[in-house]
Amino acid sequence: MIDKKKAKILKSMYAKNASYLHIGEKIGESRKTVDNYIYRNGLSKGKKVGQRGGNGDHISMAPVHKLRKDQIVWMSKHFCKAHGKNFILHHDCYLKEHPEMNRVGSLDIETSGLNASFGIVLCYCILDHQTGEIYERLITKEEMRDGTFDRNVVAQCIKDLDNFDVLCTYFGTRFDNPFLRTRALIWNLNFPTFGQKKNLDVYYSVRAKTRLHRKSLEQACAILLGKTEKTAIDPKHWNKAIMQGDKDSLFFILDHCRRDVRDLKRLHDVLIDYRYPQLASI
């Protein structure tokens, strides 16, 4: 029960942008009780805890076990514009409001098929938005023949993902991410778990903010940017790479992947100002 004395403390702390959790600890009440009081008394226009939308006290904890002490201190003392909560509790807001403090990379993979039960990862590329460096790994003919298949490729990709906080993809929500996750599980590799890495899928920005006859990466870049680096998908190269391990075909596929991530970054840079970044877990 929040009496007048507790209510006074609550309002004072709320005005100073204290989190509901800290307010509750101060007055000896639960966070949900604090939230309901604020909601009932018209102090906030957000919705109750558990409801979607509004600016309720949704918590997305920062991965403090991966942060330095100075980063944790900074995030605990700075508050998000959207909800007035510190960035330790509202890590999603930190990623959205401070992209310059997060390392962003454009991710693309090339595979031997559309499902990961039978298909394997032939290569991947991650373009660092800050430095322009491309992290990449291409499967070798020997790996395709000795039963290693894409295990080393997936393992190196997971290692390179650790260099980034946000990964930009194009339809990666439905293809690249689940394909990589499935292959990692098959090989018993530790793929990032929920919340460890954020994904910004540019495909959904194209779908929501443009009206194109086709929404492929190639067409989006050709029409919106006036050019595209993409090379045509030649079945001969994929067949020779998969069936024979042909080096020229494998390098053609890697070059195709490099061009994709460069196009993706340019498209991301053009569309980012037209939509509030919709970040989800990779």
# chains A, B, ... in the order shown; residues from 1 in each chain; ligands from 1
call {"tool": "residues_around", "arguments": {"residues": "range 237-245 of chain A", "least_positions_apart": "3", "cutoff": "12 Å", "atoms": "only C-alpha atoms", "output": "ChimeraX atom specification"}}
result
/A:110-113,119-123,138-146,149-150,231-234,248-256
call {"tool": "write_last_selection", "arguments": {"atoms": "C-alpha atoms", "output": "mmCIF file, in the first residue's frame"}}
result
data_model
loop_
_atom_site.group_PDB
_atom_site.id
_atom_site.type_symbol
_atom_site.label_atom_id
_atom_site.label_comp_id
_atom_site.auth_asym_id
_atom_site.auth_seq_id
_atom_site.Cartn_x
_atom_site.Cartn_y
_atom_site.Cartn_z
ATOM 1 C CA GLU A 110 25.911 -17.649 -49.067
ATOM 2 C CA THR A 111 24.668 -21.209 -48.755
ATOM 3 C CA SER A 112 24.308 -24.390 -50.764
ATOM 4 C CA GLY A 113 20.542 -24.457 -50.254
ATOM 5 C CA GLY A 119 22.373 -27.054 -46.923
ATOM 6 C CA ILE A 120 25.660 -25.683 -45.586
ATOM 7 C CA VAL A 121 27.236 -22.233 -45.300
ATOM 8 C CA LEU A 122 29.651 -21.672 -48.176
ATOM 9 C CA CYS A 123 30.874 -18.300 -46.919
ATOM 10 C CA LEU A 138 35.175 -19.183 -47.329
ATOM 11 C CA ILE A 139 34.750 -22.938 -47.170
ATOM 12 C CA THR A 140 37.596 -24.903 -48.755
ATOM 13 C CA LYS A 141 37.507 -27.839 -51.143
ATOM 14 C CA GLU A 142 39.235 -29.983 -48.517
ATOM 15 C CA GLU A 143 36.585 -29.173 -45.888
ATOM 16 C CA MET A 144 33.844 -30.139 -48.331
ATOM 17 C CA ARG A 145 35.532 -33.485 -49.019
ATOM 18 C CA ASP A 146 36.775 -34.592 -45.572
ATOM 19 C CA PHE A 149 31.826 -29.223 -44.220
ATOM 20 C CA ASP A 150 30.915 -25.772 -42.842
ATOM 21 C CA THR A 231 26.432 -9.922 -59.565
ATOM 22 C CA ALA A 232 23.843 -12.275 -60.998
ATOM 23 C CA ILE A 233 23.372 -15.612 -59.257
ATOM 24 C CA ASP A 234 24.826 -18.042 -61.789
ATOM 25 C CA ASP A 248 37.128 -20.241 -59.074
ATOM 26 C CA SER A 249 33.441 -20.792 -58.398
ATOM 27 C CA LEU A 250 33.954 -20.578 -54.641
ATOM 28 C CA PHE A 251 35.768 -17.254 -55.004
ATOM 29 C CA PHE A 252 33.004 -16.007 -57.313
ATOM 30 C CA ILE A 253 30.502 -16.758 -54.530
ATOM 31 C CA LEU A 254 32.685 -14.981 -51.950
ATOM 32 C CA ASP A 255 32.951 -11.928 -54.214
ATOM 33 C CA HIS A 256 29.164 -12.008 -54.637
#
call {"tool": "select_by_dssp", "arguments": {"residues": "range 19-231 of chain A", "states": "alpha helix (DSSP H)", "output": "VMD selection string"}}
result
chain A and resid 20 to 27 31 to 40 69 to 77 91 to 97 141 to 145 151 to 161 176 to 186 202 to 209 217 to 224
call {"tool": "select_by_dssp", "arguments": {"residues": "range 64-258 of chain A", "states": "strand (DSSP E or B)", "output": "MDAnalysis selection string"}}
result
chainID A and resid 79 86 90 104:111 121:128 134:138 166:169 198:201
call {"tool": "write_last_selection", "arguments": {"atoms": "N, CA and C atoms", "output": "compact mmCIF listing (two decimals), in the first residue's frame"}}
result
# COMPACT_ATOMS: atom_id res chain seq x y z
N PHE A 79 20.45 8.24 -19.03
CA PHE A 79 19.07 7.79 -19.15
C PHE A 79 18.57 7.92 -20.59
N ASN A 86 17.72 4.39 -16.89
CA ASN A 86 19.14 4.27 -17.21
C ASN A 86 19.37 3.14 -18.22
N HIS A 90 17.52 -0.28 -19.72
CA HIS A 90 16.94 -0.10 -21.06
C HIS A 90 18.04 -0.16 -22.11
N VAL A 104 28.61 -1.54 -35.52
CA VAL A 104 27.60 -2.06 -36.43
C VAL A 104 28.27 -2.73 -37.62
N GLY A 105 27.75 -3.87 -38.02
CA GLY A 105 28.27 -4.58 -39.19
C GLY A 105 27.15 -5.11 -40.06
N SER A 106 27.39 -5.14 -41.36
CA SER A 106 26.42 -5.72 -42.30
C SER A 106 26.80 -7.18 -42.55
N LEU A 107 25.86 -8.07 -42.30
CA LEU A 107 26.11 -9.51 -42.39
C LEU A 107 25.37 -10.13 -43.57
N ASP A 108 26.07 -11.00 -44.29
CA ASP A 108 25.42 -11.77 -45.35
C ASP A 108 26.09 -13.13 -45.44
N ILE A 109 25.32 -14.14 -45.78
CA ILE A 109 25.88 -15.48 -45.97
C ILE A 109 25.47 -16.01 -47.33
N GLU A 110 26.27 -16.92 -47.85
CA GLU A 110 25.91 -17.65 -49.07
C GLU A 110 25.89 -19.13 -48.71
N THR A 111 24.87 -19.82 -49.16
CA THR A 111 24.67 -21.21 -48.76
C THR A 111 24.48 -22.12 -49.97
N VAL A 121 26.77 -23.60 -45.07
CA VAL A 121 27.24 -22.23 -45.30
C VAL A 121 28.51 -22.29 -46.14
N LEU A 122 28.47 -21.69 -47.31
CA LEU A 122 29.65 -21.67 -48.18
C LEU A 122 30.60 -20.55 -47.78
N CYS A 123 30.05 -19.42 -47.37
CA CYS A 123 30.87 -18.30 -46.92
C CYS A 123 30.00 -17.29 -46.20
N TYR A 124 30.65 -16.38 -45.50
CA TYR A 124 29.95 -15.25 -44.87
C TYR A 124 30.83 -14.02 -45.00
N CYS A 125 30.21 -12.86 -44.92
CA CYS A 125 30.93 -11.58 -44.88
C CYS A 125 30.26 -10.68 -43.86
N ILE A 126 31.06 -9.98 -43.07
CA ILE A 126 30.55 -8.96 -42.16
C ILE A 126 31.34 -7.68 -42.42
N LEU A 127 30.67 -6.65 -42.91
CA LEU A 127 31.31 -5.37 -43.22
C LEU A 127 31.20 -4.45 -42.02
N ASP A 128 32.34 -4.03 -41.47
CA ASP A 128 32.38 -3.09 -40.35
C ASP A 128 32.00 -1.71 -40.85
N ILE A 134 36.17 -5.95 -43.95
CA ILE A 134 35.25 -7.07 -44.13
C ILE A 134 35.83 -8.32 -43.44
N TYR A 135 35.08 -8.85 -42.49
CA TYR A 135 35.42 -10.12 -41.86
C TYR A 135 34.76 -11.22 -42.70
N GLU A 136 35.53 -12.21 -43.09
CA GLU A 136 34.98 -13.20 -44.01
C GLU A 136 35.66 -14.56 -43.82
N ARG A 137 34.98 -15.58 -44.29
CA ARG A 137 35.55 -16.94 -44.29
C ARG A 137 34.87 -17.72 -45.40
N LEU A 138 35.67 -18.39 -46.21
CA LEU A 138 35.17 -19.18 -47.33
C LEU A 138 35.49 -20.65 -47.08
N VAL A 166 25.54 -4.66 -33.16
CA VAL A 166 24.36 -4.67 -34.02
C VAL A 166 24.74 -5.23 -35.39
N LEU A 167 23.96 -6.16 -35.89
CA LEU A 167 24.19 -6.74 -37.21
C LEU A 167 23.06 -6.33 -38.14
N CYS A 168 23.42 -5.68 -39.25
CA CYS A 168 22.44 -5.34 -40.28
C CYS A 168 22.34 -6.52 -41.25
N THR A 169 21.12 -6.88 -41.61
CA THR A 169 20.91 -7.95 -42.57
C THR A 169 19.83 -7.52 -43.56
N LYS A 198 22.11 -7.65 -31.40
CA LYS A 198 20.92 -7.05 -31.97
C LYS A 198 20.96 -7.12 -33.50
N ASN A 199 19.79 -7.25 -34.08
CA ASN A 199 19.66 -7.35 -35.52
C ASN A 199 18.79 -6.22 -36.06
N LEU A 200 19.29 -5.52 -37.08
CA LEU A 200 18.51 -4.50 -37.78
C LEU A 200 18.29 -5.01 -39.20
N ASP A 201 17.07 -5.43 -39.49
CA ASP A 201 16.76 -6.01 -40.79
C ASP A 201 16.28 -4.91 -41.74
call {"tool": "residues_around", "arguments": {"residues": "range 158-160 of chain A", "least_positions_apart": "5", "cutoff": "8 Å", "atoms": "only C-alpha atoms", "output": "list in words"}}
result
Tyr135, Asn190, Phe191 and Pro192 of chain A
call {"tool": "write_last_selection", "arguments": {"atoms": "C-alpha atoms", "output": "CSV table (one decimal), in the first residue's frame"}}
result
chain,number,residue,atom,x,y,z
A,135,TYR,CA,35.4,-10.1,-41.9
A,190,ASN,CA,27.7,-21.6,-29.1
A,191,PHE,CA,25.6,-19.3,-31.2
A,192,PRO,CA,24.7,-15.9,-29.6
call {"tool": "atom_distance", "arguments": {"atom1": "CA of Val270 in chain A", "atom2": "CA of Cys80 in chain A"}}
result
24.8 Å
call {"tool": "atom_distance", "arguments": {"atom1": "CA of Asp165 in chain A", "atom2": "CA of Leu67 in chain A"}}
result
11.7 Å
call {"tool": "closest_residue", "arguments": {"among": "A:Ala220, A:Ala155, A:Lys81, A:Ile2", "to": "Ser30 in chain A", "atoms": "only C-alpha atoms"}}
result
A:Ile2
call {"tool": "closest_residue", "arguments": {"among": "A:Tyr274, A:Tyr170, A:Tyr14, A:Tyr94", "to": "Ala208 in chain A", "atoms": "only C-alpha atoms"}}
result
A:Tyr274
